[in-house]
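Data first, discussion second: the structure below is written as structure tokens.
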Amino acid sequence: MKTITKIEANRSAAVHRKCRVAAYCRVSTEHDDQIESLGTQKEHYAAWIKLHTEWESAGIFYDAGITGTKAEIRPGLQDLLQACRMGRVDRILVKSISRFSRNTAECLALVRELSGIGVSVFFEKENIDTGSMESELFLTILSSMAEEESLSISRNEKWSVQHRFQNGTYVSSSFPYGYCRNDRGEMVLEPEEAEIVKYIFSALLFGKSSCQIADLLEQQGIPFKNGRHWCDAAIRGIAANEKYVGDVLLQKTYTDAHFHRHKNHGEVECYLLSDHHIPIVSREIFAKANAVIRQRAAEKGIVCGTGKYQKRYAFSEKVICGKCGSTCKRRIHSGNEIAWTCAAHIESAQKCPMKYVREDILKAAFVTMLNKLIFSRKHILKPLLEQLKANSNDENVRRMQELQKQLESHAEKKNTLHRLYAQKVIDPVLFRQEMNALQKQAESCRMEIAQLEQETHGETEIIAELKQLLRFTEQHSAMLTEFQETWFSAFAEQIILYDRNHIGFRLKCGLLLKEEI
């Protein structure tokens, strides 16, 4: 006869197993005050972990002076993730979502990966615990707001660079082939390279193609910049570079709101500094060489740029590869199946592994996303709008009013100084010193006002877009069944293809919502 013996669970062992808790801290600069903040964060979490007898420390991980928009460049975060993957961490404490990641898609991807291996994340400021969440929706909203804060910082930095462009005080970090930097940081000729540049323009005028010139330079063993090889693209780049006639065109490229760099085809302003430095070739030779290149291109039917492909369809220039950042192009497959494919993948599968996604799937996913917003507008869109209104412009307006009062005060002080100087109460030296100091203070106030006005304008645009989306959801109580281009144009800024099963819709109101397809 069989004998069955019940073996009781070893509950005492389970009780005594402590939760292994790690903390992650980050500051974006290495300034003294930020480093002090980092030290305070580390002390705070070390003490917090000690207070819980059921916890044991799995380490304090941190990054200093590194942006929160990209996880792969943060060694502290990578060490923490590696510890989690090796099963050494059960729970992570973070001050806020913005400290963990300022990139919505990346934040959600990290949380999902950690949840998949049994690691929960607690965001202290937002009071969000991923171990007890029933939905990712609120995390999506909050991380989108963290990303918007990062974009605001980026806009401030861009404003500073733009101001230097306008003043002509911007200094490039690198110089083209044929030039180098002297001890004063100025652009001067590199004699040997300058002779090669002259040869390239001369060869173009004598009928040689860019490929032929590149082959000749390679055969002669002449090195290109940074040890790279000569190619036809390098020759064409030199031929089109205005720096070789002594000019500098600033802002040839720009970074969009999602940290992707693009060539500037007129989307943003450019600034031309004429006769900025010593030229290598004359303007006449430069113009003739480029005329020869354009003539050859016309004879071969080559169209420069991608203008002939832009904005012909609803998704044109709006579908972005989430793996490499390239724009996706429209392709028609066999059976008239329309799909969108990464431009880098079209060129070479080794450059990007992202394969095509059918257009009808993208349209269906967009309709699904709109339906979710329609039926959850009271819980998502309305609270988000109220929060943005509450936090938007009040502080900026107050600060601008303070700065205007300071400007008025400076004007009064200037008038007083002029009166005292006219009455010979103060000497000329003191008068100039005081006037210069007031002038600097006034200029600083004006610059801060301009910056605040730019920030306020951006926040106002986001609120207006969110109001428009909210009105749309209130007007459509029934489920949407068909895709309409007008809806997409009105609300969507981009579609991001993460892989063939997951895509994201970046809306004009700042939200990034991910859909499974």
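Please note that chains go A, B, ... in the order of the structure tokens, that every chain numbers its residues from 1, and that ligands are numbered from 1 in the order shown.
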
* Spatial neighbours of Lys440 in chain A, 12 Å, only C-alpha atoms, chain gap at least 6 places, as a list in words ->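 Everything that qualifies: Leu407, His410, Gln433, Glu434, Arg446 and Met447 of chain A.
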
Selected residues written out, C-alpha atoms, as a CSV table (one decimal), in the first residue's frame:
```
chain,number,residue,atom,x,y,z
A,407,LEU,CA,14.5,97.1,-16.9
A,410,HIS,CA,17.7,100.4,-14.9
A,433,GLN,CA,31.7,102.3,-15.1
A,434,GLU,CA,28.1,102.6,-13.8
A,446,ARG,CA,16.4,91.1,-22.2
A,447,MET,CA,18.1,87.8,-23.0
```

* Pairwise distance for CA of Ile117 in chain A and CA of His502 in chain A, rounded to one decimal in Å -> 20.1 Å

* What residues in range 465-494 of chain A get the DSSP label helix (DSSP H, G or I)? Please answer as a ChimeraX atom specification. -> /A:465-475,485-491

* To do: Excluding range 41-47 of chain A and any residue of its chain fewer than 2 positions from it, enumerate the residues within 7 Å of it, using only C-alpha atoms, and give them as number ranges by chain.
  => A: 23, 25, 37-39, 49-51, 60

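Note that the spacing between CA of Lys225 in chain A and CA of Pro191 in chain A amounts to 14.2 Å.
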
* **Point-to-point distance in Å for CA of Ile496 in chain A and CA of Ala365 in chain A** => 12.0 Å

* To do: Select, from A:Lys467, A:Arg331, A:Lys198, A:Lys318, the residue with the minimum atom-to-atom distance to Ile280 in chain A, counting only C-alpha atoms.
  =>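 Comparing A:Lys467, A:Arg331, A:Lys198, A:Lys318 against Ile280 in chain A, the winner is A:Lys198.
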
* To do: With a distance cut-off of 7 Å and only C-alpha atoms, select the neighbouring residues of range 172-183 of chain A, excluding the residue or stretch itself and same-chain residues fewer than 2 positions from it, and output the selection as a list of chain:residue names.
  => A:Tyr170, A:Gly185, A:Glu186, A:Met187, A:Val188, A:Leu189, A:Glu190, A:Glu193, A:Ala194, A:Val197, A:Lys225

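Counting only C-alpha atoms and comparing A:Thr416, A:Gln251, A:Thr368, A:Gln78, the residue that lies closest to Glu516 in chain A is A:Thr368.
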
* Rank nothing, just name the residue among A:Arg399, A:Arg17, A:Arg85, A:Arg99 nearest to Ser115 in chain A, using only C-alpha atoms. =>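 The shortest atom-to-atom distance to Ser115 in chain A comes from A:Arg85.
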
* Asked: With only C-alpha atoms as the atoms that count, which of A:Leu420, A:Lys413, A:Ser282, A:Ala314 lies nearest to Ala490 in chain A?
  ->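 So, comparing all the options, the nearest one is A:Ala314.
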